[in-house]
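Novice: My questions all concern the structure below.
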Amino acid sequence: MLDINIRHLDLKQIAESGQCFRWKRQDDADGHMTYLIPSFGPGQREFEALTITALSDGEFRLSCDRREWDKHWSGYFDMDTDYDGVEKRIDSFGDNHAKEAYALGSGIRILRQDLWEMIITFLISQNNNITRITRSVEEICNRHGGYMPRPDEFDRSILSDKSVGLGYRAPYIDNAVKEFADDQKMLEKLTHMSYEESYETLLSFTGIGPKVANCICLFGLHHIEAFPIDTHVKQLLAKYYPQGFPYEYYEGIAGIVQQYLFYYELCMR
DNA sequence: TCACAGGCTAGAG
DNA sequence: CTCTAGCCTGTG
């Protein structure tokens, strides 16, 4: 167990920001907000899931020890990104709507999640709703011992099962599993590419279009300049930025700002 | 019944 | 190049 203070972290805001689909809310006996976060990545079977509890004033209680925090979870929660700097950048421009969105969602961080899991998750997400996305991801994991299967251990025969609920996306995922299993270096190659290179490479896969590719770049490769535009962001841009979004203000942090804007709209809905 | 859900593909123009 | 019908399926 480990108690630490973390700035710019609000579990509920992250859970609702639409970047992760496997967190489970499991409040503790005292009613403190608690989430169970599964282990992830190639070594996911080697380390434990994390429970994280929000105590008060930026204080969090973790189920892991200091060593596991340093090794796995500190990176996952993006502790090496300067969110104070992001706040200063937003404050320095006259973008009042971004300031308001930041004030509401300042506890959002861009998690450093597993690339392969993000590829599968956002392939599923297209033209889909949160409930169904969550259920499909959970079904896939449940059928592989509770873990997101790596490309080479993925049982592709389950993809067409009605209870997995993938619909027309099943062949897209089947193809991705096949391609990444055939070329085991591809995942690592993607991590060494620039944003533009990885974006173009991802686009070449069937079922990955501009929106999904940008989500994978932002959430799976931590390319913070990626700015996914879905139906909601498209509407919000038309509403608050009729003259066009000032991307030049937010060079290098556009993806974080996108999350604040998205979360703000979600709350106002 | 019908639109919608964090879109994409394929085919036409 | 741009444009858009159709797509699995659960939900209101």
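Just remember, in the structure tokens the first chain shown is A, the second B, etc., residues are 1-based per chain, and ligands are 1-based in the order shown.
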Could you list, as a PDB file with N, CA and C atoms, in the first residue's frame, every residue of chain A that has an atom within 8 Å of an atom of chain B, counting only C-alpha atoms (C1' of nucleotides)?

Specialist:
ATOM      1  N   GLY A  18     -13.496   9.073 -21.783  1.00  0.00           N
ATOM      2  CA  GLY A  18     -13.593   8.246 -22.978  1.00  0.00           C
ATOM      3  C   GLY A  18     -12.279   7.717 -23.506  1.00  0.00           C
ATOM      4  N   SER A 125     -14.579   1.076 -31.278  1.00  0.00           N
ATOM      5  CA  SER A 125     -15.328   2.270 -30.885  1.00  0.00           C
ATOM      6  C   SER A 125     -16.090   2.940 -32.023  1.00  0.00           C
ATOM      7  N   GLN A 126     -15.711   2.635 -33.279  1.00  0.00           N
ATOM      8  CA  GLN A 126     -16.299   3.391 -34.387  1.00  0.00           C
ATOM      9  C   GLN A 126     -17.812   3.185 -34.491  1.00  0.00           C
ATOM     10  N   ASN A 127     -18.518   4.300 -34.673  1.00  0.00           N
ATOM     11  CA  ASN A 127     -19.974   4.297 -34.825  1.00  0.00           C
ATOM     12  C   ASN A 127     -20.632   3.389 -33.791  1.00  0.00           C
ATOM     13  N   ASN A 128     -20.204   3.559 -32.546  1.00  0.00           N
ATOM     14  CA  ASN A 128     -20.602   2.642 -31.480  1.00  0.00           C
ATOM     15  C   ASN A 128     -20.858   3.455 -30.219  1.00  0.00           C
ATOM     16  N   ASN A 129     -21.472   2.848 -29.217  1.00  0.00           N
ATOM     17  CA  ASN A 129     -21.686   3.576 -27.960  1.00  0.00           C
ATOM     18  C   ASN A 129     -20.853   2.972 -26.820  1.00  0.00           C
ATOM     19  N   ILE A 130     -20.657   3.782 -25.775  1.00  0.00           N
ATOM     20  CA  ILE A 130     -19.740   3.432 -24.681  1.00  0.00           C
ATOM     21  C   ILE A 130     -20.084   2.069 -24.077  1.00  0.00           C
ATOM     22  N   GLY A 207     -10.342  -0.475 -41.574  1.00  0.00           N
ATOM     23  CA  GLY A 207     -11.146  -0.187 -40.386  1.00  0.00           C
ATOM     24  C   GLY A 207     -10.572   0.927 -39.537  1.00  0.00           C
ATOM     25  N   ILE A 208      -9.335   1.352 -39.850  1.00  0.00           N
ATOM     26  CA  ILE A 208      -8.756   2.503 -39.144  1.00  0.00           C
ATOM     27  C   ILE A 208      -8.809   3.714 -40.059  1.00  0.00           C
ATOM     28  N   GLY A 209      -9.652   4.670 -39.706  1.00  0.00           N
ATOM     29  CA  GLY A 209      -9.750   5.918 -40.454  1.00  0.00           C
ATOM     30  C   GLY A 209      -9.126   7.037 -39.641  1.00  0.00           C
ATOM     31  N   LYS A 211     -10.223   9.331 -37.496  1.00  0.00           N
ATOM     32  CA  LYS A 211     -10.581   9.488 -36.085  1.00  0.00           C
ATOM     33  C   LYS A 211      -9.945   8.407 -35.226  1.00  0.00           C
ATOM     34  N   VAL A 212     -10.089   7.163 -35.658  1.00  0.00           N
ATOM     35  CA  VAL A 212      -9.526   6.042 -34.899  1.00  0.00           C
ATOM     36  C   VAL A 212      -7.993   6.147 -34.857  1.00  0.00           C
ATOM     37  N   ASP A 230     -14.380  13.543 -33.492  1.00  0.00           N
ATOM     38  CA  ASP A 230     -15.548  12.678 -33.627  1.00  0.00           C
ATOM     39  C   ASP A 230     -16.775  13.556 -33.786  1.00  0.00           C
ATOM     40  N   THR A 231     -17.946  12.929 -33.781  1.00  0.00           N
ATOM     41  CA  THR A 231     -19.174  13.701 -33.998  1.00  0.00           C
ATOM     42  C   THR A 231     -19.348  14.801 -32.940  1.00  0.00           C
ATOM     43  N   HIS A 232     -19.000  14.482 -31.684  1.00  0.00           N
ATOM     44  CA  HIS A 232     -19.177  15.470 -30.620  1.00  0.00           C
ATOM     45  C   HIS A 232     -18.195  16.624 -30.749  1.00  0.00           C
TER      46      HIS A 232
END

Novice: Using only C-alpha atoms (C1' of nucleotides), find each residue in chain C having at least one atom no more than 8 Å away from chain A; report its shortest atom-to-atom pair and that distance in Å (one decimal), rows by chain then rising number, as JSON lines.

Specialist:
{"residue": "C:DC7", "atom": "C1'", "partner": "A:Tyr168", "partner_atom": "CA", "distance": 6.7}
{"residue": "C:DC8", "atom": "C1'", "partner": "A:Gly167", "partner_atom": "CA", "distance": 3.7}
{"residue": "C:DT9", "atom": "C1'", "partner": "A:Gly167", "partner_atom": "CA", "distance": 6.8}
{"residue": "C:DG10", "atom": "C1'", "partner": "A:Arg132", "partner_atom": "CA", "distance": 7.8}

Novice: Convert the current residue selection to file output with N, CA and C atoms (P, O5', C5', C4', C3', O3' and C1' of nucleotides), as a PDB file, in the first residue's frame.

Specialist:
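Dumped to part-v9.pdb:
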ATOM      1  P    DC C   7     -26.792  -2.403 -45.855  1.00  0.00           P
ATOM      2  O5'  DC C   7     -25.678  -2.683 -44.735  1.00  0.00           O
ATOM      3  C5'  DC C   7     -24.312  -2.906 -45.109  1.00  0.00           C
ATOM      4  C4'  DC C   7     -23.432  -2.643 -43.915  1.00  0.00           C
ATOM      5  C3'  DC C   7     -23.953  -3.251 -42.598  1.00  0.00           C
ATOM      6  O3'  DC C   7     -22.920  -4.012 -42.013  1.00  0.00           O
ATOM      7  C1'  DC C   7     -23.271  -1.028 -42.281  1.00  0.00           C
ATOM      8  P    DC C   8     -22.876  -5.618 -42.188  1.00  0.00           P
ATOM      9  O5'  DC C   8     -22.929  -6.136 -40.696  1.00  0.00           O
ATOM     10  C5'  DC C   8     -24.138  -6.119 -39.997  1.00  0.00           C
ATOM     11  C4'  DC C   8     -23.771  -6.251 -38.541  1.00  0.00           C
ATOM     12  C3'  DC C   8     -24.947  -6.611 -37.643  1.00  0.00           C
ATOM     13  O3'  DC C   8     -24.456  -7.485 -36.641  1.00  0.00           O
ATOM     14  C1'  DC C   8     -23.979  -4.615 -36.905  1.00  0.00           C
ATOM     15  P    DT C   9     -25.486  -8.230 -35.667  1.00  0.00           P
ATOM     16  O5'  DT C   9     -25.859  -7.122 -34.591  1.00  0.00           O
ATOM     17  C5'  DT C   9     -24.934  -6.777 -33.585  1.00  0.00           C
ATOM     18  C4'  DT C   9     -25.549  -5.724 -32.701  1.00  0.00           C
ATOM     19  C3'  DT C   9     -27.019  -5.980 -32.321  1.00  0.00           C
ATOM     20  O3'  DT C   9     -27.133  -5.781 -30.927  1.00  0.00           O
ATOM     21  C1'  DT C   9     -26.725  -3.773 -33.024  1.00  0.00           C
ATOM     22  P    DG C  10     -28.212  -6.566 -30.049  1.00  0.00           P
ATOM     23  O5'  DG C  10     -28.364  -5.585 -28.796  1.00  0.00           O
ATOM     24  C5'  DG C  10     -27.188  -5.111 -28.142  1.00  0.00           C
ATOM     25  C4'  DG C  10     -27.447  -3.739 -27.577  1.00  0.00           C
ATOM     26  C3'  DG C  10     -28.770  -3.605 -26.814  1.00  0.00           C
ATOM     27  O3'  DG C  10     -28.528  -2.888 -25.617  1.00  0.00           O
ATOM     28  C1'  DG C  10     -28.654  -1.991 -28.552  1.00  0.00           C
TER      29       DG C  10
END

Novice: Using DSSP secondary structure from the backbone, list all strand (DSSP E or B) positions within segment 35-183 of chain A, as a short mmCIF file (atom, residue, chain, number, x, y, z; two decimals) with all heavy atoms, in the first residue's frame.

Specialist:
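And here's selection39.cif as it stands now:
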data_model
loop_
_atom_site.label_atom_id
_atom_site.label_comp_id
_atom_site.auth_asym_id
_atom_site.auth_seq_id
_atom_site.Cartn_x
_atom_site.Cartn_y
_atom_site.Cartn_z
N TYR A 35 -11.19 3.03 -7.96
CA TYR A 35 -11.25 2.35 -9.24
C TYR A 35 -10.28 1.18 -9.26
O TYR A 35 -9.18 1.26 -8.70
CB TYR A 35 -10.91 3.31 -10.39
CG TYR A 35 -12.03 4.24 -10.75
CD1 TYR A 35 -12.13 5.49 -10.14
CD2 TYR A 35 -13.00 3.88 -11.68
CE1 TYR A 35 -13.17 6.36 -10.46
CE2 TYR A 35 -14.04 4.74 -12.01
CZ TYR A 35 -14.12 5.99 -11.39
OH TYR A 35 -15.15 6.83 -11.72
N LEU A 36 -10.72 0.10 -9.90
CA LEU A 36 -9.85 -1.04 -10.15
C LEU A 36 -9.34 -0.94 -11.58
O LEU A 36 -10.14 -0.86 -12.52
CB LEU A 36 -10.63 -2.35 -9.95
CG LEU A 36 -9.89 -3.63 -10.31
CD1 LEU A 36 -8.69 -3.84 -9.38
CD2 LEU A 36 -10.83 -4.83 -10.25
N ILE A 37 -8.04 -0.89 -11.73
CA ILE A 37 -7.44 -0.72 -13.04
C ILE A 37 -6.63 -1.96 -13.39
O ILE A 37 -5.66 -2.28 -12.69
CB ILE A 37 -6.53 0.52 -13.08
CG1 ILE A 37 -7.32 1.75 -12.61
CG2 ILE A 37 -5.95 0.72 -14.46
CD1 ILE A 37 -6.49 3.01 -12.47
N LEU A 50 -4.33 -2.59 -10.24
CA LEU A 50 -4.18 -1.54 -9.23
C LEU A 50 -5.55 -1.09 -8.73
O LEU A 50 -6.47 -0.90 -9.53
CB LEU A 50 -3.47 -0.33 -9.85
CG LEU A 50 -3.27 0.88 -8.94
CD1 LEU A 50 -2.11 0.62 -7.97
CD2 LEU A 50 -3.01 2.15 -9.74
N THR A 51 -5.67 -0.94 -7.42
CA THR A 51 -6.82 -0.20 -6.92
C THR A 51 -6.30 1.15 -6.45
O THR A 51 -5.29 1.23 -5.75
CB THR A 51 -7.55 -0.90 -5.76
OG1 THR A 51 -6.62 -1.17 -4.71
CG2 THR A 51 -8.17 -2.20 -6.22
N ILE A 52 -7.00 2.19 -6.86
CA ILE A 52 -6.61 3.56 -6.49
C ILE A 52 -7.81 4.25 -5.88
O ILE A 52 -8.91 4.25 -6.45
CB ILE A 52 -6.03 4.33 -7.69
CG1 ILE A 52 -5.69 5.77 -7.28
CG2 ILE A 52 -6.94 4.29 -8.90
CD1 ILE A 52 -4.82 6.51 -8.28
N THR A 53 -7.61 4.81 -4.70
CA THR A 53 -8.68 5.46 -3.95
C THR A 53 -8.38 6.94 -3.79
O THR A 53 -7.26 7.31 -3.42
CB THR A 53 -8.81 4.82 -2.56
OG1 THR A 53 -9.05 3.42 -2.70
CG2 THR A 53 -9.94 5.46 -1.77
N ALA A 54 -9.38 7.78 -4.07
CA ALA A 54 -9.23 9.21 -3.86
C ALA A 54 -9.58 9.53 -2.42
O ALA A 54 -10.72 9.35 -2.00
CB ALA A 54 -10.13 9.99 -4.81
N GLU A 59 -4.83 13.61 -2.39
CA GLU A 59 -4.22 12.42 -1.77
C GLU A 59 -4.85 11.15 -2.32
O GLU A 59 -6.08 11.05 -2.42
CB GLU A 59 -4.42 12.46 -0.24
CG GLU A 59 -3.51 13.42 0.50
CD GLU A 59 -2.05 12.98 0.47
OE1 GLU A 59 -1.78 11.76 0.46
OE2 GLU A 59 -1.18 13.88 0.44
N PHE A 60 -4.00 10.20 -2.69
CA PHE A 60 -4.50 8.94 -3.23
C PHE A 60 -3.87 7.77 -2.50
O PHE A 60 -2.71 7.83 -2.09
CB PHE A 60 -4.20 8.85 -4.73
CG PHE A 60 -4.93 9.87 -5.54
CD1 PHE A 60 -4.38 11.14 -5.76
CD2 PHE A 60 -6.20 9.59 -6.05
CE1 PHE A 60 -5.07 12.10 -6.49
CE2 PHE A 60 -6.89 10.55 -6.78
CZ PHE A 60 -6.33 11.80 -7.00
N ARG A 61 -4.66 6.72 -2.33
CA ARG A 61 -4.16 5.49 -1.73
C ARG A 61 -4.10 4.41 -2.81
O ARG A 61 -5.10 4.14 -3.48
CB ARG A 61 -5.07 5.04 -0.59
CG ARG A 61 -4.67 3.71 0.04
CD ARG A 61 -5.24 3.59 1.44
NE ARG A 61 -4.67 4.60 2.32
CZ ARG A 61 -5.15 4.86 3.55
NH1 ARG A 61 -6.19 4.20 4.01
NH2 ARG A 61 -4.57 5.78 4.29
N LEU A 62 -2.91 3.83 -2.97
CA LEU A 62 -2.70 2.84 -4.02
C LEU A 62 -2.48 1.47 -3.41
O LEU A 62 -1.94 1.35 -2.30
CB LEU A 62 -1.46 3.21 -4.85
CG LEU A 62 -1.42 4.64 -5.38
CD1 LEU A 62 -0.05 4.95 -5.95
CD2 LEU A 62 -2.49 4.85 -6.43
#

Novice: Among segment 15-210 of chain A, which residues does DSSP mark as helix (DSSP H, G or I) when it is run on the backbone? Keep the chain and numbering as in the structure and answer as number ranges by chain.

Specialist: A: 15-16, 44-46, 66-76, 83-91, 96-105, 115-125, 130-142, 151-153, 156-158, 162-164, 167-182, 186-192, 195-203, 210
